[in-house]
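Source file: work-v6.tsv (TSV, C-alpha atoms and all ligand atoms)
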chain	number	residue	atom	x	y	z
A	855	ALA	CA	-36.20	-14.22	-80.25
A	856	VAL	CA	-32.91	-12.48	-80.87
A	857	ARG	CA	-31.52	-10.79	-77.79
A	858	ASN	CA	-28.44	-8.64	-77.73
A	859	PHE	CA	-26.21	-8.50	-74.67
A	860	SER	CA	-27.61	-5.34	-73.15
A	861	ASN	CA	-31.16	-6.62	-73.48
A	862	SER	CA	-30.38	-9.90	-71.80
A	863	ALA	CA	-28.57	-8.04	-69.03
A	864	VAL	CA	-31.70	-5.98	-68.45
A	865	MET	CA	-33.82	-9.14	-68.57
A	866	ALA	CA	-31.59	-10.84	-66.02
A	867	ASN	CA	-32.14	-7.98	-63.61
A	868	ALA	CA	-35.87	-7.53	-64.15
A	869	ILE	CA	-37.71	-7.93	-60.88
A	870	LYS	CA	-40.75	-10.18	-61.09
A	871	ASN	CA	-40.90	-12.00	-57.72
A	872	VAL	CA	-40.99	-9.81	-54.64
A	873	THR	CA	-40.92	-10.85	-51.00
A	874	VAL	CA	-42.10	-8.24	-48.51
A	875	ILE	CA	-41.16	-8.94	-44.89
A	876	GLY	CA	-43.53	-7.23	-42.46
A	877	SER	CA	-47.23	-6.80	-43.29
A	878	GLY	CA	-47.95	-3.68	-41.25
A	879	LEU	CA	-48.78	-0.18	-42.41
A	880	MET	CA	-45.86	-0.02	-44.86
A	881	GLY	CA	-45.26	-3.67	-45.76
A	882	GLY	CA	-48.96	-4.18	-46.51
A	883	GLY	CA	-48.94	-1.13	-48.77
A	884	ILE	CA	-45.79	-2.21	-50.59
A	885	ALA	CA	-47.16	-5.73	-51.10
A	886	GLN	CA	-50.44	-4.31	-52.39
A	887	VAL	CA	-48.88	-2.01	-54.96
A	888	ALA	CA	-46.43	-4.71	-56.09
A	889	ALA	CA	-49.31	-7.17	-56.67
A	890	GLN	CA	-51.38	-4.49	-58.43
A	891	THR	CA	-48.49	-3.81	-60.81
A	892	GLY	CA	-48.08	-7.43	-61.92
A	893	HIS	CA	-45.46	-8.76	-59.52
A	894	ASN	CA	-45.70	-12.10	-57.73
A	895	VAL	CA	-45.64	-11.21	-54.07
A	896	VAL	CA	-45.01	-13.17	-50.90
A	897	MET	CA	-45.92	-11.17	-47.80
A	898	VAL	CA	-44.38	-12.35	-44.54
A	899	ASP	CA	-45.20	-11.68	-40.90
A	900	VAL	CA	-44.84	-13.33	-37.52
A	901	ASP	CA	-48.20	-15.12	-37.41
A	902	ASP	CA	-51.25	-15.96	-39.49
A	903	GLY	CA	-53.55	-13.68	-37.51
A	904	VAL	CA	-51.49	-10.62	-38.40
A	905	LEU	CA	-51.28	-11.78	-42.02
A	906	SER	CA	-55.01	-12.32	-42.42
A	907	LYS	CA	-55.74	-8.84	-41.05
A	908	ALA	CA	-53.18	-7.39	-43.44
A	909	HIS	CA	-54.73	-9.34	-46.33
A	910	GLU	CA	-58.13	-7.93	-45.46
A	911	ARG	CA	-56.83	-4.35	-45.35
A	912	ILE	CA	-55.12	-4.86	-48.71
A	913	SER	CA	-58.24	-6.25	-50.32
A	914	THR	CA	-60.34	-3.30	-49.07
A	915	SER	CA	-57.75	-0.82	-50.31
A	916	MET	CA	-57.50	-2.57	-53.69
A	917	LYS	CA	-61.25	-2.28	-54.17
A	918	ARG	CA	-60.94	1.45	-53.56
A	919	VAL	CA	-58.11	1.70	-56.08
A	920	ALA	CA	-60.10	-0.36	-58.61
A	921	LYS	CA	-63.17	1.84	-58.22
A	922	LYS	CA	-61.10	4.93	-58.96
A	923	LYS	CA	-59.36	3.25	-61.89
A	924	PHE	CA	-62.37	1.56	-63.51
A	925	GLY	CA	-65.25	3.59	-62.07
A	926	ASP	CA	-67.53	2.89	-65.02
A	927	SER	CA	-66.91	-0.85	-65.29
A	928	GLN	CA	-67.66	-3.05	-62.31
A	929	GLU	CA	-66.46	-6.06	-64.29
A	930	GLU	CA	-63.02	-4.59	-64.97
A	931	ALA	CA	-62.75	-3.40	-61.37
A	932	ASN	CA	-63.50	-6.92	-60.07
A	933	LYS	CA	-61.01	-8.44	-62.49
A	934	PHE	CA	-58.31	-5.97	-61.36
A	935	VAL	CA	-58.85	-6.93	-57.72
A	936	SER	CA	-59.02	-10.69	-58.28
A	937	ASP	CA	-56.00	-10.70	-60.63
A	938	SER	CA	-53.99	-8.62	-58.16
A	939	LEU	CA	-54.98	-10.78	-55.18
A	940	SER	CA	-54.13	-13.96	-57.12
A	941	ARG	CA	-50.52	-12.73	-57.28
A	942	LEU	CA	-50.33	-12.21	-53.49
A	943	THR	CA	-49.51	-15.07	-51.11
A	944	THR	CA	-48.60	-14.97	-47.42
A	945	SER	CA	-46.11	-16.84	-45.27
A	946	THR	CA	-44.82	-16.94	-41.70
A	947	ASP	CA	-41.53	-18.51	-42.80
A	948	SER	CA	-39.18	-15.73	-43.87
A	949	THR	CA	-36.33	-17.98	-45.03
A	950	ALA	CA	-38.62	-20.16	-47.19
A	951	SER	CA	-40.31	-17.04	-48.57
A	952	VAL	CA	-37.18	-15.76	-50.30
A	953	LYS	CA	-36.34	-18.94	-52.27
A	954	ASN	CA	-37.71	-17.52	-55.54
A	955	ALA	CA	-37.32	-13.83	-54.78
A	956	ASP	CA	-35.72	-11.36	-57.17
A	957	LEU	CA	-36.15	-8.66	-54.54
A	958	VAL	CA	-36.74	-8.67	-50.79
A	959	VAL	CA	-38.16	-5.52	-49.23
A	960	GLU	CA	-37.94	-5.45	-45.45
A	961	ALA	CA	-40.56	-3.41	-43.59
A	962	ILE	CA	-40.46	-4.85	-40.06
A	963	VAL	CA	-40.14	-3.04	-36.74
A	964	GLU	CA	-37.62	-0.16	-36.68
A	965	ASN	CA	-34.99	-1.98	-34.59
A	966	ILE	CA	-31.41	-2.39	-35.77
A	967	ASP	CA	-30.69	-5.70	-34.02
A	968	ILE	CA	-33.83	-7.39	-35.34
A	969	LYS	CA	-33.22	-6.11	-38.87
A	970	GLN	CA	-29.57	-7.26	-38.82
A	971	LYS	CA	-30.55	-10.70	-37.60
A	972	LEU	CA	-33.24	-11.05	-40.27
A	973	PHE	CA	-30.91	-10.11	-43.13
A	974	LYS	CA	-28.22	-12.51	-41.92
A	975	GLN	CA	-30.75	-15.37	-42.13
A	976	LEU	CA	-32.11	-14.25	-45.48
A	977	ASP	CA	-28.60	-13.88	-46.91
A	978	GLU	CA	-27.98	-17.56	-46.31
A	979	ALA	CA	-31.37	-18.59	-47.72
A	980	ALA	CA	-31.86	-16.41	-50.80
A	981	PRO	CA	-30.55	-17.10	-54.33
A	982	GLU	CA	-27.37	-15.37	-55.50
A	983	HIS	CA	-29.13	-12.77	-57.64
A	984	THR	CA	-31.69	-11.62	-55.04
A	985	ILE	CA	-31.54	-7.93	-54.17
A	986	PHE	CA	-32.12	-6.95	-50.54
A	987	ALA	CA	-33.65	-3.63	-49.54
A	988	SER	CA	-34.83	-2.02	-46.33
A	989	ASN	CA	-37.71	0.42	-46.04
A	990	THR	CA	-36.24	1.93	-42.85
A	991	SER	CA	-37.01	5.59	-42.18
A	992	SER	CA	-34.28	6.42	-39.75
A	993	LEU	CA	-31.64	3.69	-39.51
A	994	SER	CA	-28.43	3.37	-41.51
A	995	ILE	CA	-28.70	0.96	-44.46
A	996	GLN	CA	-24.99	0.17	-44.05
A	997	LYS	CA	-25.61	-0.96	-40.48
A	998	ILE	CA	-28.68	-2.98	-41.42
A	999	ALA	CA	-26.58	-4.71	-44.11
A	1000	GLN	CA	-23.69	-5.36	-41.72
A	1001	ASN	CA	-24.14	-9.15	-41.43
A	1002	ALA	CA	-25.11	-9.80	-45.05
A	1003	LYS	CA	-22.42	-10.79	-47.52
A	1004	ARG	CA	-24.23	-9.49	-50.62
A	1005	LYS	CA	-23.44	-5.83	-50.03
A	1006	ASP	CA	-23.33	-5.09	-53.76
A	1007	ARG	CA	-26.95	-6.27	-53.94
A	1008	PHE	CA	-28.13	-4.26	-50.93
A	1009	GLY	CA	-29.81	-0.86	-50.77
A	1010	GLY	CA	-32.67	1.16	-49.37
A	1011	LEU	CA	-36.16	1.46	-50.86
A	1012	HIS	CA	-37.93	4.07	-48.77
A	1013	PHE	CA	-41.66	4.39	-49.42
A	1014	PHE	CA	-44.11	6.90	-47.96
A	1015	ASN	CA	-47.37	6.39	-46.11
A	1016	PRO	CA	-49.94	5.62	-47.52
A	1017	VAL	CA	-47.97	3.60	-50.08
A	1018	PRO	CA	-50.79	3.21	-52.65
A	1019	VAL	CA	-51.23	7.00	-52.73
A	1020	MET	CA	-47.81	8.57	-52.22
A	1021	LYS	CA	-45.85	8.82	-55.47
A	1022	LEU	CA	-42.33	9.08	-54.06
A	1023	LEU	CA	-39.74	6.33	-53.67
A	1024	GLU	CA	-36.29	7.14	-52.29
A	1025	VAL	CA	-33.64	4.73	-53.64
A	1026	ILE	CA	-30.65	4.58	-51.32
A	1027	ARG	CA	-27.15	3.31	-52.04
A	1028	ILE	CA	-24.43	2.22	-49.66
A	1029	PRO	CA	-20.85	2.52	-50.96
A	1030	GLU	CA	-20.84	-1.15	-52.04
A	1031	THR	CA	-24.18	-1.09	-53.91
A	1032	SER	CA	-23.52	-1.95	-57.56
A	1033	GLN	CA	-24.83	0.15	-60.42
A	1034	ALA	CA	-26.73	-2.91	-61.68
A	1035	THR	CA	-28.54	-3.10	-58.33
A	1036	ILE	CA	-29.38	0.60	-58.43
A	1037	ASP	CA	-30.64	0.22	-62.01
A	1038	SER	CA	-32.84	-2.72	-61.01
A	1039	MET	CA	-34.26	-0.84	-58.03
A	1040	LEU	CA	-34.96	2.24	-60.15
A	1041	ALA	CA	-36.64	0.16	-62.86
A	1042	TRP	CA	-38.73	-1.62	-60.24
A	1043	GLY	CA	-39.75	1.70	-58.67
A	1044	LYS	CA	-40.95	2.82	-62.08
A	1045	ALA	CA	-42.81	-0.47	-62.61
A	1046	MET	CA	-44.49	0.18	-59.24
A	1047	GLY	CA	-45.74	3.50	-60.65
A	1048	LYS	CA	-43.53	5.57	-58.36
A	1049	VAL	CA	-41.28	8.54	-59.04
A	1050	THR	CA	-37.78	7.66	-57.86
A	1051	VAL	CA	-35.09	9.88	-56.37
A	1052	GLN	CA	-31.62	8.70	-55.38
A	1053	CYS	CA	-29.70	9.47	-52.22
A	1054	LYS	CA	-26.66	8.24	-50.34
A	1055	ASP	CA	-27.06	6.43	-47.02
A	1056	THR	CA	-27.24	9.53	-44.80
A	1057	PRO	CA	-29.60	10.04	-41.79
A	1058	GLY	CA	-33.17	10.53	-43.01
A	1059	PHE	CA	-32.17	10.36	-46.69
A	1060	ILE	CA	-33.78	13.38	-48.42
A	1061	VAL	CA	-37.28	13.85	-47.05
A	1062	ASN	CA	-36.80	13.06	-43.36
A	1063	ARG	CA	-33.43	14.80	-43.24
A	1064	LEU	CA	-35.23	18.05	-44.06
A	1065	LEU	CA	-38.49	17.27	-42.30
A	1066	VAL	CA	-37.09	16.39	-38.86
A	1067	PRO	CA	-35.20	19.68	-38.30
A	1068	TYR	CA	-38.23	21.54	-39.69
A	1069	TYR	CA	-40.44	19.86	-37.09
A	1070	GLY	CA	-37.89	20.72	-34.41
A	1071	GLU	CA	-37.90	24.40	-35.32
A	1072	ALA	CA	-41.71	24.44	-35.37
A	1073	TYR	CA	-41.88	22.78	-31.93
A	1074	ARG	CA	-39.37	25.29	-30.53
A	1075	MET	CA	-41.28	28.29	-31.94
A	1076	TYR	CA	-44.36	26.99	-30.18
A	1077	GLU	CA	-42.44	26.29	-26.93
A	1078	ARG	CA	-41.05	29.84	-26.87
A	1079	GLY	CA	-44.57	31.18	-27.40
A	1080	ASP	CA	-43.58	32.92	-30.63
A	1081	ALA	CA	-46.78	31.72	-32.32
A	1082	THR	CA	-49.59	29.22	-31.81
A	1083	THR	CA	-49.61	25.75	-33.39
A	1084	ARG	CA	-52.63	26.80	-35.49
A	1085	ASP	CA	-50.93	29.92	-36.79
A	1086	ILE	CA	-47.69	28.07	-37.56
A	1087	ASP	CA	-49.66	25.43	-39.49
A	1088	THR	CA	-51.72	28.03	-41.33
A	1089	ALA	CA	-48.60	30.00	-42.20
A	1090	MET	CA	-46.76	27.01	-43.62
A	1091	LYS	CA	-49.77	25.83	-45.62
A	1092	LEU	CA	-50.63	29.17	-47.16
A	1093	GLY	CA	-47.09	30.49	-47.30
A	1094	THR	CA	-45.46	27.49	-48.95
A	1095	GLY	CA	-48.31	25.42	-50.38
A	1096	TYR	CA	-47.59	22.43	-48.11
A	1097	PRO	CA	-50.83	20.41	-47.74
A	1098	MET	CA	-50.35	20.09	-43.96
A	1099	GLY	CA	-48.53	22.23	-41.40
A	1100	PRO	CA	-45.82	20.75	-39.13
A	1101	PHE	CA	-48.15	20.09	-36.17
A	1102	GLU	CA	-50.90	18.51	-38.29
A	1103	LEU	CA	-48.33	16.35	-40.06
A	1104	SER	CA	-46.70	15.34	-36.76
A	1105	ASP	CA	-50.07	14.32	-35.32
A	1106	TYR	CA	-50.83	12.37	-38.50
A	1107	THR	CA	-47.49	10.53	-38.48
A	1108	GLY	CA	-47.62	9.82	-34.74
A	1109	LEU	CA	-45.67	11.73	-32.09
A	1110	ASP	CA	-44.17	8.49	-30.75
A	1111	THR	CA	-42.69	7.82	-34.18
A	1112	ASN	CA	-41.28	11.34	-34.41
A	1113	LEU	CA	-39.82	11.11	-30.91
A	1114	PHE	CA	-38.29	7.70	-31.64
A	1115	VAL	CA	-36.52	9.02	-34.74
A	1116	ILE	CA	-35.21	12.23	-33.18
A	1117	GLU	CA	-34.07	10.47	-30.00
A	1118	GLY	CA	-32.16	7.94	-32.07
A	1119	TRP	CA	-30.43	10.63	-34.09
A	1120	ALA	CA	-29.71	12.82	-31.04
A	1121	LYS	CA	-27.96	9.86	-29.44
A	1122	GLU	CA	-26.00	8.97	-32.56
A	1123	TYR	CA	-25.11	12.56	-33.55
A	1124	PRO	CA	-24.85	14.47	-30.22
A	1125	ASP	CA	-23.01	17.39	-31.84
A	1126	GLU	CA	-25.66	18.07	-34.48
A	1127	PRO	CA	-27.81	20.95	-33.16
A	1128	LEU	CA	-30.52	20.20	-35.73
A	1129	PHE	CA	-31.13	16.80	-34.12
A	1130	LYS	CA	-32.23	18.02	-30.67
A	1131	VAL	CA	-35.21	16.48	-28.88
A	1132	SER	CA	-37.92	19.02	-28.11
A	1133	GLU	CA	-39.55	19.12	-24.70
A	1134	SER	CA	-43.13	19.54	-25.92
A	1135	LEU	CA	-42.80	16.38	-27.99
A	1136	ARG	CA	-41.37	14.42	-25.06
A	1137	LYS	CA	-44.14	15.64	-22.75
A	1138	LEU	CA	-47.03	14.78	-25.10
A	1139	VAL	CA	-45.66	11.29	-25.70
A	1140	SER	CA	-45.18	10.66	-21.98
A	1141	GLU	CA	-48.85	11.59	-21.50
A	1142	GLY	CA	-49.89	9.08	-24.16
A	1143	LYS	CA	-50.94	11.86	-26.53
A	1144	LEU	CA	-49.56	10.39	-29.74
A	1145	GLY	CA	-51.60	12.28	-32.33
A	1146	VAL	CA	-54.60	11.36	-34.47
A	1147	LYS	CA	-54.43	7.66	-33.54
A	1148	THR	CA	-55.00	8.34	-29.81
A	1149	GLY	CA	-57.43	11.23	-30.31
A	1150	GLU	CA	-54.99	13.86	-29.10
A	1151	GLY	CA	-51.53	15.15	-29.91
A	1152	PHE	CA	-50.75	18.80	-30.54
A	1153	TYR	CA	-54.48	18.99	-31.40
A	1154	LYS	CA	-57.59	17.19	-30.16
A	1155	TYR	CA	-59.53	14.88	-32.52
A	1156	ASN	CA	-62.98	13.31	-32.42
A	1157	LYS	CA	-62.38	9.61	-32.09
A	1201	LIG	P1	-45.85	-1.66	-38.39
A	1201	LIG	O1	-45.67	-1.82	-36.94
A	1201	LIG	O2	-47.15	-1.20	-38.94
A	1201	LIG	O3	-45.53	-3.07	-39.11
A	1201	LIG	C1	-44.42	-3.86	-38.80
A	1201	LIG	C2	-44.80	-5.32	-39.04
A	1201	LIG	O4	-43.62	-6.12	-39.01
A	1201	LIG	C3	-45.75	-5.88	-37.97
A	1201	LIG	O5	-46.86	-6.47	-38.59
A	1201	LIG	C4	-44.89	-6.92	-37.24
A	1201	LIG	O6	-45.64	-8.03	-36.77
A	1201	LIG	C5	-43.91	-7.33	-38.34
A	1201	LIG	N1	-42.66	-7.89	-37.86
A	1201	LIG	C6	-41.89	-7.48	-36.84
A	1201	LIG	N2	-40.79	-8.22	-36.73
A	1201	LIG	C7	-40.85	-9.14	-37.72
A	1201	LIG	C8	-40.00	-10.20	-38.15
A	1201	LIG	N3	-38.86	-10.47	-37.54
A	1201	LIG	N4	-40.39	-10.93	-39.22
A	1201	LIG	C9	-41.56	-10.67	-39.86
A	1201	LIG	N5	-42.38	-9.68	-39.50
A	1201	LIG	C10	-42.03	-8.93	-38.45
A	1201	LIG	O7	-44.65	-0.73	-38.88
A	1201	LIG	P2	-44.58	0.22	-40.18
A	1201	LIG	O8	-45.06	1.57	-39.84
A	1201	LIG	O9	-45.14	-0.50	-41.33
A	1201	LIG	O10	-42.99	0.36	-40.35
A	1201	LIG	C11	-42.19	-0.68	-40.88
A	1201	LIG	C12	-40.87	-0.12	-41.38
A	1201	LIG	O11	-41.12	0.88	-42.35
A	1201	LIG	C13	-40.00	0.53	-40.29
A	1201	LIG	O12	-38.65	0.26	-40.58
A	1201	LIG	C14	-40.29	2.01	-40.48
A	1201	LIG	O13	-39.21	2.82	-40.09
A	1201	LIG	C15	-40.47	2.09	-41.99
A	1201	LIG	N6	-41.28	3.21	-42.47
A	1201	LIG	C16	-42.41	3.62	-41.82
A	1201	LIG	C17	-43.16	4.67	-42.33
A	1201	LIG	C18	-44.42	5.11	-41.66
A	1201	LIG	O14	-44.96	6.16	-42.04
A	1201	LIG	N7	-44.94	4.38	-40.68
A	1201	LIG	C19	-42.77	5.40	-43.54
A	1201	LIG	C20	-41.61	4.85	-44.19
A	1201	LIG	C21	-40.88	3.82	-43.64

Take the structure from the file and write it as structure tokens.
Ligand code: NAI
Amino acid sequence: AVRNFSNSAVMANAIKNVTVIGSGLMGGGIAQVAAQTGHNVVMVDVDDGVLSKAHERISTSMKRVAKKKFGDSQEEANKFVSDSLSRLTTSTDSTASVKNADLVVEAIVENIDIKQKLFKQLDEAAPEHTIFASNTSSLSIQKIAQNAKRKDRFGGLHFFNPVPVMKLLEVIRIPETSQATIDSMLAWGKAMGKVTVQCKDTPGFIVNRLLVPYYGEAYRMYERGDATTRDIDTAMKLGTGYPMGPFELSDYTGLDTNLFVIEGWAKEYPDEPLFKVSESLRKLVSEGKLGVKTGEGFYKYNK
């Protein structure tokens, strides 16, 4: 076949083999969608027990996706699931897992030291062309990339929970990220069936940068007794068309997660009044009321 230069450049950057490090809520979802969209996926975690649970969750979720997609044909649905699963392998060896990777997406615990250490190891093990990305929600991509030499092939790929359902993908650049890397990440996002938006490496990128101060204002309204949690949620749903109000969404996300993010930012940006930790959030977390997952947060739930 005849290929002109620009075509071969695109070919060279096409992402086919993806390694996902971390098989939890987000990593499992990213691995699932990547396998469903024709990529060869290696999913990595710390031990085989965690990986087999993740594999089970993925397979259940894939069946749900297949049923929606091919509702009238059981045969096609089964083929979709088995084809997708055949592209998904697991490993507990992160350095070996990146040997054939075009892209590595990191979705491990939200801890800067652990992420830095991981990327230093991967940088030494991965081929030249491999692009590295973090799915961090709240940490700086620049800091995560600190110990990796390939800064031009480093960026953020921020997915949303649940990954198979949520359409958005934030594509984040650090100053060194090359345009070719951005183009590859954008093309991959599209291949994953997501809608991509681009943002610089600033706290919270787009969505969380707006969401976190919005939560804070909602918590403070409630703390002052200006309105009840129910009325604030109802107002924001019916007044703006948001599917959930700030308290429902906080409970769904997990109050420990929200507190972790805001505490981190408050420490790093002490002069930013929008990043202030609210007392009601602190209190609920200290009481173990973390939201839907513990049966109580701002609201009570039937377990
Ligand atoms: P999770 O706790 O469900 O999963 C993390 C997984 O990483 C666990 O299975 C753990 O065993 C594994 N892990 C930890 N250290 C590892 C290492 N060194 N090597 C291999 N595996 C390791 O966490 P979740 O919620 O999936 O979050 C992962 C990342 O995604 C975090 O950076 C978080 O900020 C980000 N994120 C989370 C969202 C959410 O809604 N939970 C949304 C968007 C991003």

Tell me which protein, DNA and RNA residues are within 12 Å of Glu1141 in chain A, counting only C-alpha atoms, leaving out same-chain ones fewer than 3 positions away, and put them as an MDAnalysis selection string. chainID A and resid 1109:1110 1134:1138 1144:1145 1148 1150:1152

Of the residues A:Gly1079, A:Gly1010, A:Gly1070, A:Pro1127, which is the one nearest to Thr1050 in chain A, using all atoms listed in the file? A:Gly1010

Distance limit 6 Å, reference ligand LIG 1201 (chain A), atoms considered: only C-alpha atoms and all ligand atoms. Which residues make the cut? Give them as a ChimeraX atom specification. /A:875-881,898-900,961-964,989-991,1012-1015

The residue from A:Gly925, A:His909, A:Ala920, A:Thr949 with the smallest atom-to-atom distance to Thr873 in chain A, counting all atoms listed in the file, is A:Thr949

Spatial neighbours of Ser988 in chain A, 10 Å, only C-alpha atoms, chain gap at least 6 places, as a count of residues only: 20

As a PyMOL selection string, please: the residues near Ile1086 in chain A (cut-off 9 Å, only C-alpha atoms, same-chain neighbours under 2 positions excluded). chain A and resi 1072+1075-1076+1081-1084+1088-1091+1099-1101

Atoms to include: C-alpha atoms. Write the selected residues as a compact mmCIF listing (two decimals), in the frame of the given file.
# COMPACT_ATOMS: atom_id res chain seq x y z
CA ALA A 1072 -41.71 24.44 -35.37
CA MET A 1075 -41.28 28.29 -31.94
CA TYR A 1076 -44.36 26.99 -30.18
CA ALA A 1081 -46.78 31.72 -32.32
CA THR A 1082 -49.59 29.22 -31.81
CA THR A 1083 -49.61 25.75 -33.39
CA ARG A 1084 -52.63 26.80 -35.49
CA THR A 1088 -51.72 28.03 -41.33
CA ALA A 1089 -48.60 30.00 -42.20
CA MET A 1090 -46.76 27.01 -43.62
CA LYS A 1091 -49.77 25.83 -45.62
CA GLY A 1099 -48.53 22.23 -41.40
CA PRO A 1100 -45.82 20.75 -39.13
CA PHE A 1101 -48.15 20.09 -36.17

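Reported to one decimal place, the separation of CA of Asn1156 in chain A from CA of Lys921 in chain A is 28.2 Å.
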
Looking at A:Leu1113, A:Met1046, A:Val1051, A:Val1061, which one is nearest to Pro1018 in chain A, with distances taken over all atoms listed in the file? A:Met1046

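Between CA of Ala955 in chain A and CA of Gly892 in chain A there is a distance of 14.4 Å.
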
Residues near Leu957 in chain A, cut-off 6 Å, all atoms listed in the file, skip fewer than 6 positions along chain, as a PDB file with C-alpha atoms, in the coordinates of the input:
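Written file, result32.pdb:
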ATOM      1  CA  VAL A 872     -40.990  -9.810 -54.640  1.00  0.00           C
ATOM      2  CA  THR A 984     -31.690 -11.620 -55.040  1.00  0.00           C
ATOM      3  CA  ILE A 985     -31.540  -7.930 -54.170  1.00  0.00           C
ATOM      4  CA  PHE A 986     -32.120  -6.950 -50.540  1.00  0.00           C
TER       5      PHE A 986
END

Determine, counting only C-alpha atoms, which protein, DNA and RNA residues have an atom within 9 Å of an atom of Val887 in chain A; residues of the same chain fewer than 4 positions away are not included. Present the result as a PyMOL selection string. chain A and resi 882-883+891-893+916+938+1017-1018+1046-1047

For C-alpha atoms, I'd like the residues from the last selection saved as an mmCIF file, keeping the file's coordinate frame.
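Produced file part_1.cif, reproduced below:
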data_model
loop_
_atom_site.group_PDB
_atom_site.id
_atom_site.type_symbol
_atom_site.label_atom_id
_atom_site.label_comp_id
_atom_site.auth_asym_id
_atom_site.auth_seq_id
_atom_site.Cartn_x
_atom_site.Cartn_y
_atom_site.Cartn_z
ATOM 1 C CA GLY A 882 -48.960 -4.180 -46.510
ATOM 2 C CA GLY A 883 -48.940 -1.130 -48.770
ATOM 3 C CA THR A 891 -48.490 -3.810 -60.810
ATOM 4 C CA GLY A 892 -48.080 -7.430 -61.920
ATOM 5 C CA HIS A 893 -45.460 -8.760 -59.520
ATOM 6 C CA MET A 916 -57.500 -2.570 -53.690
ATOM 7 C CA SER A 938 -53.990 -8.620 -58.160
ATOM 8 C CA VAL A 1017 -47.970 3.600 -50.080
ATOM 9 C CA PRO A 1018 -50.790 3.210 -52.650
ATOM 10 C CA MET A 1046 -44.490 0.180 -59.240
ATOM 11 C CA GLY A 1047 -45.740 3.500 -60.650
#

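Coordinates place CA of Arg1004 in chain A at a distance of 9.2 Å from CA of His983 in chain A.
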
Which of A:Lys1147, A:Glu1126, A:Lys1054, A:Asn965 sits closest to Ser1104 in chain A [using only C-alpha atoms]: A:Lys1147

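Of the listed residues (A:Lys870, A:Lys974, A:Arg918, A:Arg1027), A:Lys870 comes nearest to Asn894 in chain A; the distances count only C-alpha atoms.
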
As a PDB file, in the frame of the given file, could you write out range 891-902 of chain A once it has been completed with N, CA and C atoms?
ATOM      1  N   THR A 891     -49.279  -4.153 -59.631  1.00  0.00           N
ATOM      2  CA  THR A 891     -48.490  -3.810 -60.810  1.00  0.00           C
ATOM      3  C   THR A 891     -47.868  -5.061 -61.457  1.00  0.00           C
ATOM      4  N   GLY A 892     -48.445  -6.230 -61.163  1.00  0.00           N
ATOM      5  CA  GLY A 892     -48.080  -7.430 -61.920  1.00  0.00           C
ATOM      6  C   GLY A 892     -46.969  -8.270 -61.329  1.00  0.00           C
ATOM      7  N   HIS A 893     -46.516  -7.951 -60.129  1.00  0.00           N
ATOM      8  CA  HIS A 893     -45.460  -8.760 -59.520  1.00  0.00           C
ATOM      9  C   HIS A 893     -46.062  -9.924 -58.725  1.00  0.00           C
ATOM     10  N   ASN A 894     -45.316 -11.020 -58.639  1.00  0.00           N
ATOM     11  CA  ASN A 894     -45.700 -12.100 -57.730  1.00  0.00           C
ATOM     12  C   ASN A 894     -45.157 -11.756 -56.355  1.00  0.00           C
ATOM     13  N   VAL A 895     -46.036 -11.723 -55.379  1.00  0.00           N
ATOM     14  CA  VAL A 895     -45.640 -11.210 -54.070  1.00  0.00           C
ATOM     15  C   VAL A 895     -45.852 -12.250 -52.980  1.00  0.00           C
ATOM     16  N   VAL A 896     -44.830 -12.415 -52.147  1.00  0.00           N
ATOM     17  CA  VAL A 896     -45.010 -13.170 -50.900  1.00  0.00           C
ATOM     18  C   VAL A 896     -44.896 -12.157 -49.765  1.00  0.00           C
ATOM     19  N   MET A 897     -45.913 -12.099 -48.934  1.00  0.00           N
ATOM     20  CA  MET A 897     -45.920 -11.170 -47.800  1.00  0.00           C
ATOM     21  C   MET A 897     -45.730 -11.980 -46.518  1.00  0.00           C
ATOM     22  N   VAL A 898     -44.764 -11.553 -45.711  1.00  0.00           N
ATOM     23  CA  VAL A 898     -44.380 -12.350 -44.540  1.00  0.00           C
ATOM     24  C   VAL A 898     -44.636 -11.573 -43.250  1.00  0.00           C
ATOM     25  N   ASP A 899     -45.129 -12.288 -42.233  1.00  0.00           N
ATOM     26  CA  ASP A 899     -45.200 -11.680 -40.900  1.00  0.00           C
ATOM     27  C   ASP A 899     -45.084 -12.777 -39.861  1.00  0.00           C
ATOM     28  N   VAL A 900     -45.156 -12.375 -38.588  1.00  0.00           N
ATOM     29  CA  VAL A 900     -44.840 -13.330 -37.520  1.00  0.00           C
ATOM     30  C   VAL A 900     -45.908 -14.397 -37.279  1.00  0.00           C
ATOM     31  N   ASP A 901     -47.184 -14.067 -37.533  1.00  0.00           N
ATOM     32  CA  ASP A 901     -48.200 -15.120 -37.410  1.00  0.00           C
ATOM     33  C   ASP A 901     -49.361 -14.910 -38.373  1.00  0.00           C
ATOM     34  N   ASP A 902     -50.182 -15.965 -38.495  1.00  0.00           N
ATOM     35  CA  ASP A 902     -51.250 -15.960 -39.490  1.00  0.00           C
ATOM     36  C   ASP A 902     -52.348 -14.944 -39.173  1.00  0.00           C
TER      37      ASP A 902
END
